[in-house]
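**Student:** Contents of model.cif (mmCIF, C-alpha atoms and all ligand atoms) are below:
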```
data_run
#
loop_
_atom_site.label_atom_id
_atom_site.label_comp_id
_atom_site.auth_asym_id
_atom_site.auth_seq_id
_atom_site.Cartn_x
_atom_site.Cartn_y
_atom_site.Cartn_z
CA MET V 25 -6.14 -40.28 -235.63
CA LYS V 26 -6.24 -36.50 -235.59
CA LEU V 27 -5.91 -35.34 -231.98
CA ALA V 28 -8.53 -32.63 -232.21
CA GLY V 29 -12.20 -32.13 -231.48
CA ASN V 30 -14.99 -29.93 -230.15
CA TRP V 31 -16.17 -31.24 -226.81
CA ASN V 32 -19.06 -30.07 -224.66
CA TYR V 33 -18.00 -31.91 -221.58
CA PRO V 34 -17.42 -30.65 -218.92
CA THR V 35 -17.60 -27.30 -220.71
CA SER V 36 -17.15 -26.16 -224.30
CA VAL V 37 -13.61 -27.31 -225.19
CA ARG V 38 -11.92 -26.58 -228.52
CA PHE V 39 -9.13 -29.13 -228.53
CA GLY V 40 -6.30 -29.39 -231.03
CA ALA V 41 -2.92 -28.07 -232.12
CA GLY V 42 -3.04 -24.55 -233.51
CA ARG V 43 -6.49 -23.74 -232.17
CA ILE V 44 -5.22 -20.67 -230.35
CA ALA V 45 -6.06 -19.11 -233.73
CA GLU V 46 -9.71 -19.34 -232.60
CA LEU V 47 -9.18 -17.20 -229.49
CA GLY V 48 -10.86 -14.13 -230.97
CA ALA V 49 -13.88 -16.14 -232.07
CA ALA V 50 -14.07 -17.79 -228.65
CA VAL V 51 -13.93 -14.44 -226.87
CA LYS V 52 -16.77 -13.12 -229.04
CA ALA V 53 -18.80 -16.31 -228.58
CA ALA V 54 -18.44 -15.89 -224.82
CA GLY V 55 -19.93 -12.41 -225.17
CA ILE V 56 -16.74 -10.55 -224.31
CA ALA V 57 -15.86 -7.33 -226.15
CA ARG V 58 -12.97 -6.01 -224.01
CA PRO V 59 -11.09 -8.90 -222.43
CA LEU V 60 -8.47 -8.64 -219.72
CA LEU V 61 -5.87 -11.32 -220.41
CA VAL V 62 -4.61 -12.61 -217.06
CA THR V 63 -1.29 -14.46 -217.13
CA ASP V 64 1.97 -14.60 -215.15
CA PRO V 65 5.06 -12.41 -215.61
CA ARG V 66 7.19 -15.14 -217.15
CA LEU V 67 4.57 -16.25 -219.67
CA ALA V 68 3.85 -12.63 -220.58
CA THR V 69 7.21 -12.61 -222.39
CA LEU V 70 6.93 -16.07 -223.99
CA PRO V 71 5.53 -17.14 -227.41
CA PRO V 72 2.13 -18.49 -226.20
CA VAL V 73 0.98 -15.10 -224.90
CA GLU V 74 2.60 -13.25 -227.81
CA ARG V 75 0.64 -15.47 -230.17
CA ALA V 76 -2.62 -14.95 -228.26
CA LEU V 77 -2.23 -11.17 -228.45
CA GLU V 78 -1.42 -11.39 -232.14
CA VAL V 79 -4.61 -13.39 -232.76
CA LEU V 80 -6.72 -10.90 -230.78
CA ALA V 81 -5.18 -7.93 -232.60
CA GLY V 82 -5.91 -9.64 -235.92
CA ASP V 83 -9.56 -9.86 -234.90
CA ASN V 84 -9.61 -6.21 -233.77
CA ILE V 85 -10.22 -7.12 -230.16
CA ALA V 86 -8.76 -4.60 -227.73
CA ALA V 87 -7.23 -6.64 -224.93
CA ALA V 88 -5.08 -5.58 -222.01
CA VAL V 89 -2.64 -7.84 -220.16
CA PHE V 90 -2.48 -8.24 -216.39
CA SER V 91 0.47 -10.39 -215.30
CA ASP V 92 1.11 -9.58 -211.66
CA VAL V 93 0.38 -13.18 -210.63
CA LYS V 94 2.89 -15.22 -208.68
CA PRO V 95 3.11 -19.02 -208.75
CA ASN V 96 0.70 -20.12 -205.97
CA PRO V 97 -1.24 -16.85 -206.36
CA ILE V 98 -2.02 -14.73 -203.31
CA ALA V 99 -5.00 -12.53 -202.44
CA SER V 100 -3.19 -9.30 -203.35
CA ASN V 101 -2.71 -10.66 -206.90
CA VAL V 102 -6.49 -10.95 -207.18
CA ASP V 103 -6.99 -7.46 -205.71
CA ALA V 104 -4.54 -5.92 -208.18
CA GLY V 105 -6.21 -7.78 -211.04
CA LEU V 106 -9.63 -6.49 -209.98
CA LYS V 107 -8.28 -2.95 -210.04
CA ALA V 108 -6.94 -3.47 -213.55
CA LEU V 109 -10.25 -5.04 -214.63
CA ARG V 110 -12.28 -2.09 -213.36
CA ALA V 111 -9.86 0.59 -214.52
CA GLY V 112 -9.95 -0.82 -218.07
CA ARG V 113 -13.74 -1.40 -217.99
CA HIS V 114 -13.21 -4.99 -219.10
CA ASP V 115 -16.25 -7.20 -219.58
CA GLY V 116 -14.59 -10.60 -219.39
CA VAL V 117 -11.35 -12.44 -218.70
CA ILE V 118 -9.01 -14.58 -220.76
CA ALA V 119 -7.27 -16.73 -218.15
CA MET V 120 -4.08 -17.97 -219.79
CA GLY V 121 -1.25 -19.96 -218.25
CA GLY V 122 -0.63 -22.70 -215.78
CA GLY V 123 -2.92 -23.27 -212.81
CA SER V 124 -1.63 -20.14 -211.10
CA ALA V 125 -2.69 -17.72 -213.85
CA LEU V 126 -5.83 -19.70 -214.71
CA ASP V 127 -6.97 -19.64 -211.07
CA ALA V 128 -6.12 -15.97 -210.61
CA GLY V 129 -7.96 -15.03 -213.81
CA LYS V 130 -11.01 -17.10 -212.89
CA VAL V 131 -11.22 -15.62 -209.39
CA ILE V 132 -10.79 -12.08 -210.74
CA ALA V 133 -13.72 -12.66 -213.14
CA PHE V 134 -15.75 -14.17 -210.31
CA MET V 135 -15.07 -11.29 -207.91
CA ALA V 136 -15.77 -8.58 -210.52
CA GLY V 137 -19.29 -7.81 -209.30
CA GLN V 138 -19.29 -9.18 -205.74
CA THR V 139 -19.78 -6.96 -202.72
CA ARG V 140 -18.50 -9.36 -200.08
CA PRO V 141 -14.79 -10.10 -199.47
CA MET V 142 -13.22 -13.01 -201.35
CA TRP V 143 -12.72 -15.31 -198.35
CA ASP V 144 -16.51 -15.33 -197.82
CA PHE V 145 -16.65 -17.57 -200.90
CA GLU V 146 -14.25 -20.22 -199.69
CA ASP V 147 -15.33 -23.74 -200.66
CA VAL V 148 -16.97 -24.49 -197.32
CA GLY V 149 -20.51 -25.91 -197.17
CA ASP V 150 -22.78 -23.80 -199.34
CA TRP V 151 -20.84 -20.52 -198.98
CA TRP V 152 -20.82 -20.23 -202.77
CA THR V 153 -24.54 -19.36 -202.59
CA ARG V 154 -23.49 -16.05 -200.97
CA ALA V 155 -22.24 -14.88 -204.37
CA ASP V 156 -24.24 -12.81 -206.83
CA PRO V 157 -24.09 -14.87 -210.04
CA LYS V 158 -24.85 -11.76 -212.12
CA GLY V 159 -21.60 -10.26 -210.86
CA ILE V 160 -19.47 -12.99 -212.47
CA LEU V 161 -17.86 -12.07 -215.79
CA PRO V 162 -17.45 -14.64 -218.57
CA ILE V 163 -14.15 -16.50 -218.78
CA VAL V 164 -12.23 -17.99 -221.70
CA ALA V 165 -9.48 -20.31 -220.45
CA VAL V 166 -6.25 -21.19 -222.28
CA PRO V 167 -3.96 -23.62 -220.44
CA THR V 168 -0.21 -23.56 -221.14
CA THR V 169 0.69 -26.40 -218.77
CA ALA V 170 -0.86 -29.88 -218.66
CA GLY V 171 -1.56 -30.55 -215.02
CA THR V 172 -4.07 -28.72 -212.87
CA GLY V 173 -7.04 -28.98 -215.23
CA SER V 174 -8.22 -25.65 -213.84
CA GLU V 175 -9.30 -24.82 -217.40
CA VAL V 176 -12.26 -27.16 -216.93
CA GLY V 177 -12.84 -26.57 -213.21
CA ARG V 178 -15.17 -24.48 -211.11
CA ALA V 179 -12.67 -23.37 -208.52
CA GLY V 180 -9.58 -21.28 -208.03
CA VAL V 181 -6.87 -21.83 -205.42
CA VAL V 182 -5.56 -18.70 -203.69
CA THR V 183 -3.08 -18.58 -200.81
CA ASP V 184 -4.16 -16.61 -197.74
CA GLU V 185 -0.86 -15.04 -196.74
CA THR V 186 -2.08 -14.02 -193.31
CA THR V 187 -2.64 -17.64 -192.28
CA HIS V 188 -0.31 -19.33 -194.81
CA THR V 189 -3.10 -21.53 -196.05
CA LYS V 190 -4.21 -22.46 -199.54
CA LYS V 191 -7.91 -21.78 -199.88
CA VAL V 192 -10.29 -22.86 -202.61
CA ILE V 193 -12.74 -20.28 -203.97
CA PHE V 194 -15.64 -22.12 -205.59
CA HIS V 195 -18.64 -21.22 -207.68
CA PRO V 196 -20.36 -23.26 -210.42
CA LYS V 197 -20.25 -20.21 -212.68
CA MET V 198 -16.48 -19.99 -212.36
CA MET V 199 -16.36 -22.72 -214.99
CA PRO V 200 -14.87 -21.13 -218.13
CA ALA V 201 -17.50 -20.56 -220.83
CA ILE V 202 -15.05 -21.75 -223.48
CA THR V 203 -11.67 -23.45 -223.13
CA ILE V 204 -9.05 -23.63 -225.86
CA CYS V 205 -6.77 -26.62 -225.34
CA ASP V 206 -3.92 -26.11 -227.79
CA PRO V 207 -1.08 -28.54 -227.06
CA GLU V 208 1.34 -26.45 -229.14
CA LEU V 209 1.27 -23.89 -226.33
CA THR V 210 2.90 -26.43 -224.01
CA VAL V 211 5.88 -27.46 -226.13
CA GLY V 212 8.10 -24.81 -224.54
CA MET V 213 7.43 -26.02 -221.00
CA PRO V 214 10.76 -26.92 -219.37
CA PRO V 215 11.13 -30.63 -218.44
CA ALA V 216 10.90 -30.03 -214.68
CA ILE V 217 7.57 -28.21 -215.05
CA THR V 218 6.35 -30.86 -217.50
CA ALA V 219 7.12 -33.51 -214.87
CA GLY V 220 5.57 -31.67 -211.92
CA THR V 221 2.41 -30.60 -213.72
CA GLY V 222 1.98 -34.01 -215.34
CA MET V 223 2.14 -35.66 -211.93
CA ASP V 224 -0.53 -33.25 -210.70
CA ALA V 225 -2.83 -34.63 -213.40
CA MET V 226 -1.82 -38.14 -212.33
CA ALA V 227 -2.52 -37.32 -208.66
CA HIS V 228 -5.96 -35.96 -209.54
CA CYS V 229 -6.87 -39.13 -211.43
CA LEU V 230 -5.42 -41.46 -208.79
CA GLU V 231 -6.96 -39.74 -205.78
CA ALA V 232 -10.32 -39.46 -207.53
CA TYR V 233 -10.22 -43.16 -208.44
CA CYS V 234 -9.26 -44.21 -204.89
CA GLY V 235 -11.78 -41.92 -203.15
CA PRO V 236 -14.30 -43.73 -200.93
CA PHE V 237 -17.44 -42.48 -202.68
CA TYR V 238 -19.80 -43.81 -205.34
CA HIS V 239 -19.04 -42.00 -208.61
CA PRO V 240 -18.52 -44.44 -211.51
CA LEU V 241 -18.39 -41.60 -214.06
CA ALA V 242 -15.36 -40.12 -212.34
CA ASP V 243 -13.76 -43.55 -211.97
CA GLY V 244 -14.01 -44.21 -215.70
CA ILE V 245 -12.45 -40.87 -216.60
CA ALA V 246 -9.71 -41.31 -214.02
CA VAL V 247 -8.46 -44.69 -215.25
CA GLU V 248 -8.19 -43.53 -218.86
CA GLY V 249 -6.48 -40.35 -217.66
CA MET V 250 -3.87 -42.49 -215.91
CA ARG V 251 -3.36 -44.58 -219.04
CA LEU V 252 -2.62 -41.39 -220.98
CA VAL V 253 -0.09 -40.37 -218.30
CA GLU V 254 1.48 -43.82 -218.46
CA ASP V 255 1.95 -43.62 -222.22
CA ASN V 256 2.87 -39.97 -222.56
CA LEU V 257 4.34 -38.21 -219.54
CA ALA V 258 7.89 -39.56 -219.85
CA ARG V 259 7.73 -38.94 -223.61
CA ALA V 260 6.73 -35.29 -223.13
CA PHE V 261 9.39 -34.93 -220.44
CA LYS V 262 12.16 -36.25 -222.70
CA GLN V 263 10.98 -34.73 -225.98
CA GLY V 264 9.27 -31.44 -225.30
CA GLY V 265 8.38 -31.09 -228.98
CA ASP V 266 6.47 -34.40 -229.15
CA LEU V 267 3.10 -32.89 -229.98
CA GLU V 268 1.23 -36.16 -229.72
CA ALA V 269 2.48 -36.74 -226.17
CA ARG V 270 1.74 -33.10 -225.33
CA ALA V 271 -1.83 -33.46 -226.64
CA HIS V 272 -2.51 -36.60 -224.62
CA MET V 273 -1.11 -34.97 -221.47
CA MET V 274 -3.34 -31.97 -222.04
CA SER V 275 -6.32 -34.35 -222.16
CA ALA V 276 -5.12 -36.15 -219.03
CA ALA V 277 -5.03 -32.82 -217.18
CA ALA V 278 -8.60 -31.97 -218.14
CA MET V 279 -9.67 -35.51 -217.21
CA GLY V 280 -8.03 -35.29 -213.78
CA ALA V 281 -9.92 -32.13 -212.93
CA THR V 282 -13.16 -33.62 -214.25
CA ALA V 283 -12.67 -36.72 -212.12
CA PHE V 284 -11.63 -35.03 -208.88
CA GLN V 285 -15.06 -33.64 -208.20
CA LYS V 286 -15.45 -37.12 -206.72
CA ALA V 287 -12.54 -36.81 -204.27
CA LEU V 288 -8.97 -35.86 -203.61
CA GLY V 289 -7.05 -37.31 -200.68
CA ALA V 290 -3.90 -37.41 -198.59
CA ILE V 291 -1.53 -36.57 -201.45
CA HIS V 292 -3.15 -33.17 -201.81
CA ALA V 293 -3.81 -32.77 -198.07
CA LEU V 294 -0.11 -33.32 -197.24
CA SER V 295 1.06 -31.23 -200.20
CA HIS V 296 -1.00 -28.08 -199.60
CA PRO V 297 0.66 -27.08 -196.29
CA ILE V 298 4.08 -27.42 -197.91
CA GLY V 299 2.99 -25.30 -200.89
CA ALA V 300 1.64 -22.65 -198.52
CA LEU V 301 4.62 -22.63 -196.10
CA TYR V 302 7.52 -23.27 -198.50
CA ASP V 303 6.05 -22.04 -201.81
CA THR V 304 6.99 -25.27 -203.60
CA HIS V 305 5.50 -26.30 -206.93
CA HIS V 306 2.10 -27.96 -206.36
CA GLY V 307 2.44 -30.89 -208.77
CA LEU V 308 6.04 -31.62 -207.84
CA THR V 309 5.08 -31.71 -204.15
CA ASN V 310 2.18 -34.07 -204.88
CA ALA V 311 4.51 -36.33 -206.84
CA VAL V 312 6.88 -36.71 -203.90
CA PHE V 313 4.04 -37.90 -201.64
CA MET V 314 2.42 -40.31 -204.09
CA PRO V 315 4.28 -43.54 -203.15
CA TYR V 316 4.03 -42.93 -199.39
CA VAL V 317 0.30 -42.25 -199.57
CA LEU V 318 -0.32 -45.22 -201.85
CA ALA V 319 1.48 -47.55 -199.44
CA PHE V 320 -0.43 -46.12 -196.47
CA ASN V 321 -3.81 -46.45 -198.21
CA ARG V 322 -3.08 -49.97 -199.39
CA PRO V 323 -5.46 -51.84 -197.04
CA ALA V 324 -8.42 -49.81 -198.36
CA ILE V 325 -7.54 -49.74 -202.06
CA GLU V 326 -5.64 -52.94 -202.81
CA ALA V 327 -8.29 -54.62 -204.99
CA LYS V 328 -9.17 -51.40 -206.81
CA VAL V 329 -5.55 -50.67 -207.61
CA ALA V 330 -4.98 -54.23 -208.84
CA ARG V 331 -7.87 -53.66 -211.30
CA LEU V 332 -6.28 -50.39 -212.36
CA ALA V 333 -2.91 -52.12 -212.84
CA ALA V 334 -4.59 -54.57 -215.21
CA TYR V 335 -6.04 -51.70 -217.26
CA LEU V 336 -2.58 -50.14 -217.46
CA GLY V 337 -1.16 -53.38 -218.86
CA LEU V 338 0.77 -54.14 -215.69
CA GLU V 339 0.64 -57.32 -213.65
CA PRO V 340 -2.81 -57.04 -211.97
CA LYS V 341 -1.41 -56.43 -208.51
CA PHE V 342 -1.11 -53.47 -206.17
CA ASP V 343 2.66 -53.96 -205.96
CA ALA V 344 3.02 -53.75 -209.73
CA PHE V 345 1.26 -50.38 -209.75
CA LEU V 346 3.37 -49.05 -206.89
CA ALA V 347 6.56 -50.22 -208.64
CA TRP V 348 5.43 -48.50 -211.84
CA VAL V 349 4.81 -45.22 -209.97
CA LEU V 350 8.26 -45.39 -208.37
CA ALA V 351 9.90 -46.08 -211.72
CA LEU V 352 8.03 -43.22 -213.42
CA LEU V 353 9.01 -40.78 -210.69
CA GLU V 354 12.64 -41.74 -211.11
CA GLU V 355 12.46 -41.54 -214.89
CA ILE V 356 11.15 -37.97 -214.79
CA GLY V 357 13.50 -36.70 -212.09
CA ILE V 358 11.11 -36.34 -209.15
CA PRO V 359 12.98 -36.34 -205.82
CA HIS V 360 12.32 -39.37 -203.63
CA THR V 361 12.26 -37.48 -200.31
CA LEU V 362 11.28 -34.13 -198.86
CA ALA V 363 14.92 -33.05 -198.98
CA GLY V 364 14.43 -32.56 -202.71
CA LEU V 365 11.84 -29.88 -201.87
CA LYS V 366 14.18 -28.33 -199.26
CA VAL V 367 11.72 -29.24 -196.53
CA ASP V 368 12.89 -30.53 -193.12
CA ASP V 369 11.03 -31.68 -190.00
CA ARG V 370 10.92 -28.33 -188.21
CA GLN V 371 7.27 -27.57 -188.96
CA PHE V 372 5.90 -31.13 -189.03
CA ASP V 373 3.50 -30.52 -186.11
CA LEU V 374 2.02 -27.44 -187.73
CA MET V 375 1.92 -29.12 -191.16
CA SER V 376 0.15 -32.18 -189.73
CA ARG V 377 -2.53 -30.01 -188.13
CA MET V 378 -2.97 -28.11 -191.39
CA ALA V 379 -3.13 -31.32 -193.45
CA VAL V 380 -5.98 -32.77 -191.36
CA LYS V 381 -7.94 -29.55 -191.79
CA ASP V 382 -7.32 -29.36 -195.53
CA PRO V 383 -10.60 -29.79 -197.43
CA THR V 384 -9.10 -32.65 -199.46
CA ALA V 385 -8.33 -34.74 -196.35
CA GLY V 386 -11.92 -35.99 -196.12
CA GLY V 387 -11.62 -37.77 -199.47
CA ASN V 388 -8.81 -40.08 -198.41
CA PRO V 389 -9.85 -43.75 -198.42
CA ILE V 390 -8.54 -44.14 -194.86
CA PRO V 391 -9.60 -41.37 -192.44
CA LEU V 392 -6.66 -39.11 -191.54
CA ASP V 393 -5.65 -37.66 -188.20
CA ALA V 394 -2.69 -35.51 -187.19
CA ALA V 395 -0.64 -38.50 -185.99
CA ILE V 396 -1.10 -40.28 -189.33
CA CYS V 397 -0.15 -37.15 -191.27
CA ARG V 398 2.95 -36.71 -189.14
CA ARG V 399 3.92 -40.31 -189.80
CA LEU V 400 3.48 -39.80 -193.55
CA TYR V 401 5.63 -36.63 -193.43
CA GLU V 402 8.28 -38.61 -191.54
CA ASN V 403 8.16 -41.43 -194.10
CA ALA V 404 8.59 -38.92 -196.92
CA LEU V 405 11.52 -37.35 -195.07
CA VAL V 406 13.49 -40.58 -194.73
CA GLY V 407 12.25 -42.27 -197.91
CA LYS V 408 10.32 -45.10 -196.21
CA VAL V 409 7.63 -46.29 -198.62
N1 LIG I 501 -8.13 -24.88 -209.83
C1 LIG I 501 -7.77 -26.13 -209.62
O1 LIG I 501 -8.60 -27.00 -209.71
C2 LIG I 501 -6.35 -26.47 -209.30
C3 LIG I 501 -5.96 -27.81 -209.30
C4 LIG I 501 -4.63 -28.11 -209.00
C5 LIG I 501 -3.74 -27.08 -208.74
N2 LIG I 501 -4.14 -25.78 -208.73
C6 LIG I 501 -3.22 -24.65 -208.47
O2 LIG I 501 -2.50 -24.37 -209.67
C7 LIG I 501 -1.23 -23.81 -209.34
C8 LIG I 501 -0.13 -24.57 -210.06
O3 LIG I 501 -0.30 -24.49 -211.45
P1 LIG I 501 0.77 -25.13 -212.47
O4 LIG I 501 1.25 -26.39 -211.89
O5 LIG I 501 0.16 -25.18 -213.79
O6 LIG I 501 2.00 -24.14 -212.41
P2 LIG I 501 2.10 -22.55 -212.53
O7 LIG I 501 0.91 -21.97 -213.15
O8 LIG I 501 2.48 -22.01 -211.18
O9 LIG I 501 3.32 -22.40 -213.52
C9 LIG I 501 4.62 -22.84 -213.16
C10 LIG I 501 5.66 -22.10 -213.98
O10 LIG I 501 5.59 -22.57 -215.33
C11 LIG I 501 5.63 -21.48 -216.22
N3 LIG I 501 4.93 -21.88 -217.45
C12 LIG I 501 3.62 -22.16 -217.60
N4 LIG I 501 3.36 -22.54 -218.86
C13 LIG I 501 4.53 -22.50 -219.54
C14 LIG I 501 4.90 -22.76 -220.90
N5 LIG I 501 4.03 -23.19 -221.79
N6 LIG I 501 6.20 -22.57 -221.24
C15 LIG I 501 7.11 -22.18 -220.32
N7 LIG I 501 6.82 -21.91 -219.02
C16 LIG I 501 5.54 -22.07 -218.64
C17 LIG I 501 4.96 -20.36 -215.47
O11 LIG I 501 5.34 -19.11 -215.96
C18 LIG I 501 5.45 -20.60 -214.04
O12 LIG I 501 6.71 -19.97 -213.85
C19 LIG I 501 -1.12 -23.89 -207.82
O13 LIG I 501 -1.42 -22.65 -207.24
C20 LIG I 501 -2.15 -24.93 -207.45
O14 LIG I 501 -2.62 -24.79 -206.13
C21 LIG I 501 -5.43 -25.49 -209.04
FE FE I 502 -3.62 -30.76 -207.74
#
```
Turn the structure described in the file into structure tokens.
**Tutor:**
Amino acid sequence: MKLAGNWNYPTSVRFGAGRIAELGAAVKAAGIARPLLVTDPRLATLPPVERALEVLAGDNIAAAVFSDVKPNPIASNVDAGLKALRAGRHDGVIAMGGGSALDAGKVIAFMAGQTRPMWDFEDVGDWWTRADPKGILPIVAVPTTAGTGSEVGRAGVVTDETTHTKKVIFHPKMMPAITICDPELTVGMPPAITAGTGMDAMAHCLEAYCGPFYHPLADGIAVEGMRLVEDNLARAFKQGGDLEARAHMMSAAAMGATAFQKALGAIHALSHPIGALYDTHHGLTNAVFMPYVLAFNRPAIEAKVARLAAYLGLEPKFDAFLAWVLALLEEIGIPHTLAGLKVDDRQFDLMSRMAVKDPTAGGNPIPLDAAICRRLYENALVGKV
């Protein structure tokens, strides 16, 4: 089967190896004449971005590059990008990279015509209605990792450096108009980033599936997303050039983000404070917490996870799924404890308070409080699943 297609769910997705060649056409179809290509400094020197610029030049599209985006982007990255956008009179954004560059590019396009400060649009209640939708520029998204799924999402995560918190900026129109999913762009991803980002996709599917809300559409997407991770993440980790595995992981990432509009949970709630305080990789941090959170949530999700285990071809039991997760983490080099993230217990009280307040905490199948979060941090410190 050819791993390619044109999908219109959840947005217009052009999926398939080599389809970066369609970037110019996509930019034009999105109504953009002068795109600002937002990426990160490392990617700006690597073949995926070189190729994108070559394609645009071939189509006579004048694009400029903005790459002052750090992993876990901060507000000043967005401010600098807005300056570049206005100075170059750009009329749209190509957001290209991992979640960091995708989110930064999406938020820059969103903020282009707003008059209120960015934090006024945090994903709290209906704050998104404060935005002027006419002030949002069109976005074409091009992922180069397979994890966050931000390429098919309506939000961007930006770290507020003054409070050391990760905040979500949300607006329905932040959804990219067109997304190009070209798995060839991910073949150069180093194994550690392949592992961390792939486990982010896994965490999105798992937390969505386990969330305590009624959303059968999300559940269906999440279980197939996890099957793709099961069959392909270790393959992509071991053989970076395995295009089939890369393609399936790219789908799993988009599926995770499509499913998590249902819920995320304690994996993300515990991970975000560590990302904000220690600047660790988001997916890697999620991966470390996965077994501890699964074990803690067990009373609420046992039957559901047994059903999932059956779909994954495992013995239809919660324990079989947990054992599979532990084996996968080991196979792809994810540390078993917080020591692997260079995190100790010094800020556990602060982290626990932050975790409870994290917007994802409310989607955990068992309600969280600070004492529970502290216990989970302690378990992850000593390796007690
Ligand atoms: N918007 C959302 O819905 C959403 C969901 C989950 C996570 N996030 C956010 O996304 C960010 C993490 O994104 P990420 O995990 O994709 O990592 P990332 O974007 O921070 O990238 C990690 C590193 O990988 C490099 N890289 C990316 N693609 C590469 C390639 N093809 N070849 C070689 N190197 C490559 C980058 O240059 C960077 O150094 C975090 O800020 C997280 O909070 C957003
Ligand atoms: Fe995530």
**Student:** CA of Arg259 (chain V) and atom C18 of ligand LIG 501 (chain I) are how many Å apart?
**Tutor:**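 Value for the CA of Arg259 (chain V)-atom C18 of ligand LIG 501 (chain I) distance: 20.8 Å.
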**Student:** Identify, counting only C-alpha atoms and all ligand atoms, the protein, DNA and RNA residues located within 7 Å of ligand LIG 501 (chain I), and give them as JSON, numbers by chain.
**Tutor:** {"V": [64, 65, 66, 67, 72, 95, 96, 97, 121, 122, 123, 124, 125, 127, 168, 169, 170, 171, 172, 173, 174, 177, 179, 180, 181, 182, 209, 210, 211, 212, 213, 214, 217, 220, 221, 224, 281, 305, 306, 307]}
**Student:** Given the selection you just returned, output its residues as a file containing C-alpha atoms, formatted as a tab-separated table (two decimals), in the frame of the given file.
**Tutor:**
```tsv
chain	number	residue	atom	x	y	z
V	64	ASP	CA	1.97	-14.60	-215.15
V	65	PRO	CA	5.06	-12.41	-215.61
V	66	ARG	CA	7.19	-15.14	-217.15
V	67	LEU	CA	4.57	-16.25	-219.67
V	72	PRO	CA	2.13	-18.49	-226.20
V	95	PRO	CA	3.11	-19.02	-208.75
V	96	ASN	CA	0.70	-20.12	-205.97
V	97	PRO	CA	-1.24	-16.85	-206.36
V	121	GLY	CA	-1.25	-19.96	-218.25
V	122	GLY	CA	-0.63	-22.70	-215.78
V	123	GLY	CA	-2.92	-23.27	-212.81
V	124	SER	CA	-1.63	-20.14	-211.10
V	125	ALA	CA	-2.69	-17.72	-213.85
V	127	ASP	CA	-6.97	-19.64	-211.07
V	168	THR	CA	-0.21	-23.56	-221.14
V	169	THR	CA	0.69	-26.40	-218.77
V	170	ALA	CA	-0.86	-29.88	-218.66
V	171	GLY	CA	-1.56	-30.55	-215.02
V	172	THR	CA	-4.07	-28.72	-212.87
V	173	GLY	CA	-7.04	-28.98	-215.23
V	174	SER	CA	-8.22	-25.65	-213.84
V	177	GLY	CA	-12.84	-26.57	-213.21
V	179	ALA	CA	-12.67	-23.37	-208.52
V	180	GLY	CA	-9.58	-21.28	-208.03
V	181	VAL	CA	-6.87	-21.83	-205.42
V	182	VAL	CA	-5.56	-18.70	-203.69
V	209	LEU	CA	1.27	-23.89	-226.33
V	210	THR	CA	2.90	-26.43	-224.01
V	211	VAL	CA	5.88	-27.46	-226.13
V	212	GLY	CA	8.10	-24.81	-224.54
V	213	MET	CA	7.43	-26.02	-221.00
V	214	PRO	CA	10.76	-26.92	-219.37
V	217	ILE	CA	7.57	-28.21	-215.05
V	220	GLY	CA	5.57	-31.67	-211.92
V	221	THR	CA	2.41	-30.60	-213.72
V	224	ASP	CA	-0.53	-33.25	-210.70
V	281	ALA	CA	-9.92	-32.13	-212.93
V	305	HIS	CA	5.50	-26.30	-206.93
V	306	HIS	CA	2.10	-27.96	-206.36
V	307	GLY	CA	2.44	-30.89	-208.77
```
**Student:** Enumerate, as a list of chain:residue names, the protein, DNA and RNA residues whose atoms approach (-16.9, -7.5, -212.1) to within 6 Å, taking into account only C-alpha atoms and the coordinate frame of the file.
**Tutor:**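 Residues lying no farther than 6 Å from the given point: V:Met135, V:Ala136, V:Gly137, V:Gly159, V:Leu161.
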**Student:** Which one is closest to Thr187 (chain V): V:Trp152, V:Phe345, V:Trp143, V:Phe320? Count only C-alpha atoms.
**Tutor:** V:Trp143
**Student:** For each of V:Leu47, V:Ala283, V:Val93, V:Ile245, take the minimum atom-to-atom distance to ligand FE 502 (chain I), counting only C-alpha atoms and all ligand atoms, then give the residue where this is smallest.
**Tutor:**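 Of V:Leu47, V:Ala283, V:Val93, V:Ile245, the one nearest ligand FE 502 (chain I), counting only C-alpha atoms and all ligand atoms, is V:Ala283.
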**Student:** Find the distance between CA of Ala57 (chain V) and CA of Val131 (chain V) and write it in Å to one decimal.
**Tutor:**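 Between these atoms lies a distance of 19.3 Å.
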**Student:** Kindly indicate which residue among V:Leu336, V:Cys229, V:Ile132, V:Ile396 lies nearest to ligand FE 502 (chain I), using all atoms listed in the file for the distances.
**Tutor:**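 Of all the options, V:Cys229 lies closest to ligand FE 502 (chain I).
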**Student:** Give as a PyMOL selection string every residue, naming chains and numbers as the document does, that has an atom within 10 Å of (-3.4, -39.6, -216.8), counting only C-alpha atoms.
**Tutor:** chain V and resi 171+222-230+245-257+272-280
**Student:** Taking all atoms of region 109-122 of chain V that the file lists and extending 5 Å past them on each side, where is the centre of the axis-aligned box and how long are its edges? Answer in Å to one decimal, as lines of an AutoDock Vina configuration file.
**Tutor:**
```
center_x = -8.4
center_y = -11.1
center_z = -217.1
size_x = 25.6
size_y = 33.3
size_z = 17.4
```
